[in-house]
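Participant: The file below is query-v6.cif, mmCIF, C-alpha atoms:
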data_structure
loop_
_atom_site.label_atom_id
_atom_site.label_comp_id
_atom_site.auth_asym_id
_atom_site.auth_seq_id
_atom_site.Cartn_x
_atom_site.Cartn_y
_atom_site.Cartn_z
CA MET A 1 78.89 -20.34 -47.84
CA TRP A 2 81.85 -22.41 -46.63
CA TYR A 3 79.75 -25.43 -45.65
CA GLU A 4 77.25 -25.23 -48.49
CA ARG A 5 79.68 -24.65 -51.34
CA ASP A 6 78.86 -28.10 -52.78
CA LEU A 7 75.14 -27.27 -52.91
CA ASP A 8 75.72 -23.67 -54.00
CA ARG A 9 77.63 -24.81 -57.09
CA LEU A 10 74.58 -26.78 -58.25
CA MET A 11 71.99 -24.04 -57.85
CA VAL A 12 71.51 -21.16 -60.29
CA ARG A 13 70.56 -18.80 -57.45
CA THR A 14 73.77 -19.46 -55.50
CA ALA A 15 76.37 -20.61 -58.06
CA ALA A 16 77.97 -17.14 -58.26
CA ARG A 17 78.61 -16.90 -54.52
CA PRO A 18 82.34 -16.30 -53.93
CA VAL A 19 83.22 -19.66 -52.38
CA ALA A 20 81.08 -21.72 -54.77
CA ALA A 21 82.51 -19.87 -57.76
CA GLY A 22 86.07 -20.34 -56.49
CA ARG A 23 86.85 -16.64 -56.06
CA ILE A 24 87.51 -17.24 -52.35
CA GLY A 25 89.06 -20.44 -51.03
CA ALA A 26 87.12 -22.59 -48.58
CA GLY A 27 89.82 -22.37 -45.89
CA GLY A 28 90.00 -18.59 -46.14
CA ALA A 29 86.22 -18.32 -45.97
CA LEU A 30 86.08 -20.52 -42.88
CA ALA A 31 88.84 -18.55 -41.14
CA PHE A 32 87.13 -15.25 -41.98
CA ALA A 33 83.78 -16.55 -40.71
CA ALA A 34 85.36 -17.81 -37.48
CA ALA A 35 87.03 -14.44 -36.94
CA LEU A 36 83.76 -12.58 -37.54
CA ILE A 37 81.79 -14.91 -35.29
CA GLY A 38 84.35 -14.87 -32.47
CA GLY A 39 84.89 -11.13 -32.75
CA GLY A 40 81.16 -10.43 -32.91
CA VAL A 41 80.36 -12.51 -29.84
CA VAL A 42 83.22 -10.98 -27.84
CA LEU A 43 82.26 -7.46 -28.94
CA MET A 44 78.63 -8.12 -27.96
CA ALA A 45 79.79 -9.35 -24.54
CA LEU A 46 82.05 -6.36 -23.93
CA ALA A 47 79.84 -3.64 -25.41
CA VAL A 48 76.41 -4.90 -24.35
CA SER A 49 76.26 -7.91 -22.03
CA TRP A 50 77.21 -11.54 -21.64
CA ALA A 51 73.51 -12.49 -21.90
CA ALA A 52 73.27 -10.82 -25.32
CA ALA A 53 76.55 -12.48 -26.37
CA LEU A 54 75.17 -15.86 -25.30
CA MET A 55 72.01 -15.29 -27.35
CA LEU A 56 74.12 -14.25 -30.33
CA ALA A 57 76.29 -17.38 -30.01
CA LEU A 58 73.16 -19.54 -29.71
CA THR A 59 71.68 -17.91 -32.82
CA ILE A 60 74.84 -18.47 -34.86
CA ALA A 61 75.22 -22.06 -33.64
CA PHE A 62 71.58 -22.90 -34.31
CA TYR A 63 71.65 -21.47 -37.82
CA GLY A 64 75.09 -22.77 -38.72
CA VAL A 65 74.96 -26.22 -37.16
CA VAL A 66 71.36 -27.27 -36.52
CA TYR A 67 69.80 -25.75 -39.64
CA THR A 68 72.60 -25.54 -42.22
CA MET A 69 74.70 -28.59 -41.37
CA TRP A 70 71.95 -30.93 -40.25
CA LEU A 71 68.29 -30.17 -40.99
CA LYS A 72 68.63 -28.52 -44.40
CA ARG A 73 69.97 -31.72 -45.95
CA ALA A 74 67.98 -34.16 -43.82
CA THR A 75 64.29 -33.22 -43.86
CA ALA A 76 61.63 -31.20 -45.65
CA LEU A 77 60.84 -29.70 -42.25
CA ASN A 78 64.26 -28.00 -42.35
CA VAL A 79 62.81 -24.52 -42.79
CA LEU A 80 59.92 -25.04 -40.39
CA VAL A 81 62.08 -26.32 -37.55
CA GLY A 82 65.60 -25.02 -38.17
CA GLY A 83 65.21 -22.01 -40.42
CA GLY A 84 62.22 -20.61 -38.55
CA VAL A 85 63.82 -20.87 -35.14
CA ALA A 86 67.16 -19.53 -36.42
CA SER A 87 65.43 -16.54 -37.99
CA VAL A 88 63.56 -15.72 -34.81
CA LEU A 89 66.57 -15.99 -32.54
CA THR A 90 68.03 -12.89 -34.21
CA PRO A 91 65.35 -10.46 -32.94
CA LEU A 92 65.44 -12.21 -29.56
CA THR A 93 69.16 -11.45 -29.43
CA GLY A 94 68.28 -7.81 -30.09
CA TRP A 95 65.66 -7.96 -27.35
CA VAL A 96 68.16 -9.30 -24.82
CA ALA A 97 70.70 -6.68 -25.94
CA ALA A 98 68.16 -3.89 -25.43
CA THR A 99 66.51 -5.09 -22.22
CA GLY A 100 68.98 -7.46 -20.58
CA SER A 101 66.65 -10.46 -20.45
CA LEU A 102 63.90 -12.40 -22.16
CA SER A 103 60.29 -11.67 -21.26
CA THR A 104 56.70 -12.52 -22.11
CA GLU A 105 56.80 -9.82 -24.79
CA ALA A 106 59.89 -11.43 -26.32
CA VAL A 107 58.17 -14.82 -26.38
CA ALA A 108 55.18 -13.19 -28.10
CA LEU A 109 57.56 -11.75 -30.70
CA PHE A 110 59.10 -15.22 -31.14
CA ALA A 111 55.66 -16.80 -31.64
CA PHE A 112 54.59 -14.10 -34.10
CA LEU A 113 57.75 -14.36 -36.22
CA LEU A 114 58.15 -18.15 -36.23
CA PRO A 115 55.51 -18.92 -38.90
CA TRP A 116 56.88 -16.24 -41.25
CA THR A 117 60.04 -18.01 -42.44
CA PRO A 118 58.57 -21.18 -44.00
CA PRO A 119 56.16 -19.36 -46.37
CA HIS A 120 58.96 -16.99 -47.33
CA VAL A 121 61.39 -19.81 -48.17
CA TRP A 122 58.85 -22.27 -49.59
CA SER A 123 57.49 -19.71 -52.04
CA GLN A 124 61.03 -19.28 -53.31
CA ALA A 125 61.47 -23.07 -53.36
CA LEU A 126 58.37 -23.38 -55.54
CA VAL A 127 60.02 -21.08 -58.09
CA ARG A 128 63.49 -22.64 -57.68
CA ARG A 129 62.28 -26.23 -57.46
CA ASP A 130 64.77 -27.47 -60.09
CA ASP A 131 67.67 -25.89 -58.21
CA TYR A 132 66.80 -27.70 -55.00
CA ALA A 133 66.20 -30.98 -56.85
CA ARG A 134 69.59 -30.71 -58.59
CA ALA A 135 71.29 -30.06 -55.24
CA GLY A 136 69.36 -32.81 -53.47
CA VAL A 137 67.92 -30.50 -50.82
CA PRO A 138 64.61 -31.96 -49.58
CA MET A 139 62.57 -28.76 -49.72
CA MET A 140 58.83 -29.02 -49.13
CA PRO A 141 57.78 -28.64 -52.81
CA LEU A 142 59.95 -31.61 -53.75
CA VAL A 143 58.80 -33.83 -50.91
CA ALA A 144 55.15 -32.85 -50.47
CA GLY A 145 54.39 -31.42 -53.91
CA SER A 146 53.47 -27.93 -55.04
CA GLU A 147 49.80 -27.99 -54.03
CA ARG A 148 50.44 -29.20 -50.49
CA THR A 149 53.25 -26.67 -50.13
CA ARG A 150 50.92 -23.87 -51.24
CA ALA A 151 48.35 -25.03 -48.68
CA LEU A 152 51.02 -24.97 -45.95
CA ILE A 153 52.07 -21.48 -47.07
CA VAL A 154 48.48 -20.25 -46.72
CA LEU A 155 48.07 -21.93 -43.32
CA LEU A 156 51.30 -20.51 -41.91
CA THR A 157 50.63 -17.06 -43.38
CA ALA A 158 47.21 -17.01 -41.72
CA THR A 159 48.82 -18.16 -38.47
CA HIS A 160 51.41 -15.40 -38.75
CA ALA A 161 48.68 -12.81 -39.36
CA ALA A 162 46.67 -14.02 -36.36
CA LEU A 163 49.73 -14.00 -34.12
CA ALA A 164 50.27 -10.34 -35.00
CA LEU A 165 47.58 -9.72 -32.37
CA LEU A 166 49.37 -11.70 -29.65
CA PRO A 167 51.06 -8.58 -28.18
CA VAL A 168 47.59 -7.09 -27.69
CA ALA A 169 46.27 -10.30 -26.16
CA ILE A 170 49.03 -10.37 -23.52
CA GLY A 171 48.70 -6.65 -22.78
CA ALA A 172 52.05 -5.64 -24.32
CA ALA A 173 50.40 -3.44 -26.96
CA GLY A 174 47.21 -1.46 -27.21
CA PRO A 175 44.44 -0.67 -29.68
CA LEU A 176 46.65 1.38 -32.00
CA PHE A 177 48.94 -1.61 -32.49
CA ALA A 178 45.93 -3.90 -33.07
CA VAL A 179 44.41 -1.63 -35.72
CA THR A 180 47.78 -1.12 -37.41
CA ALA A 181 48.51 -4.87 -37.44
CA LEU A 182 45.09 -5.64 -38.91
CA LEU A 183 45.36 -2.96 -41.59
CA LEU A 184 48.87 -4.02 -42.57
CA ASN A 185 47.78 -7.66 -42.77
CA VAL A 186 44.86 -6.74 -45.04
CA ALA A 187 47.10 -4.54 -47.20
CA GLU A 188 49.70 -7.30 -47.50
CA ARG A 189 47.10 -9.92 -48.47
CA LYS A 190 45.72 -7.59 -51.17
CA ARG A 191 49.22 -6.98 -52.51
CA GLU A 192 49.93 -10.73 -52.66
CA ALA A 193 46.60 -11.47 -54.37
#
Show me the file's structure as structure tokens.
Facilitator:
Amino acid sequence: MWYERDLDRLMVRTAARPVAAGRIGAGGALAFAAALIGGGVVLMALAVSWAAALMLALTIAFYGVVYTMWLKRATALNVLVGGGVASVLTPLTGWVAATGSLSTEAVALFAFLLPWTPPHVWSQALVRRDDYARAGVPMMPLVAGSERTRALIVLLTATHAALALLPVAIGAAGPLFAVTALLLNVAERKREA
């Protein structure tokens, strides 16, 4: 919220956020964020492991710097490249915290989750198109148009559904997982339709 307060003020969805609305000063918000980030990374290192703390720091840096400060304002691929990777680093941090390292199963989880974020954000951007236009954020519906964005949403949703079977393909999950993943995908598609 500290970095995006200029954009947040212009968007209906985010205008009431504390920093954008002026209820919390930008300097105080930045100091609070720095304390939370520093404290969280140190706590992760001391309570879990330095590997998990490193993953946490990477996740925060990628989301805060690569996605928020750079890609979000620079390209319509912001969510595909920056937002997707940032979203997936969070469960990988949990994986490292629980197991102590990355593995083939973790990479399968990364691949499965990566195509989820863009359809999630772009569907919201279709509805909030005017907000993003007012703020000058080059979201996919503004740059590629609504129809092309919808086609990308369908493509990435289908990719996400197919990748739900990746844990089975690499031997990390069995038939029960496969059947459950297929049934949940069918149920979700019916709900969306």
Participant: Counting all atoms listed in the file, which residues come within 6 Å of (59.2, -20.1, -42.1), with the point read in the file's coordinates, and could you list them as a PyMOL selection string?
Facilitator: chain A and resi 79-80+84+115-119
Participant: State, in Å with one decimal place, the distance from CA of Pro141 (chain A) to CA of Ala125 (chain A).
Facilitator: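 Taking CA of Pro141 (chain A) as the start and CA of Ala125 (chain A) as the end point, the length is 6.7 Å.
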Participant: For Ala111 (chain A), list every protein, DNA or RNA residue within 12 Å, evaluated using all atoms listed in the file, and leave out those in the same chain fewer than 6 positions away; present the list as an MDAnalysis selection string.
Facilitator: chainID A and resid 84:85 87:89 91:92 104:105 117 156 159:167
Participant: Of the candidates A:Gly171, A:Pro138, A:Gly145, A:Gly64, which one gets nearest to Ala108 (chain A) if we count all atoms listed in the file?
Facilitator: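 Counting all atoms listed in the file, the residue closest to Ala108 (chain A) is A:Gly171.
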Participant: Interatomic distance between CA of Val107 (chain A) and CA of Thr93 (chain A)?
Facilitator: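 Computing the Euclidean distance for CA of Val107 (chain A) and CA of Thr93 (chain A) yields 11.9 Å.
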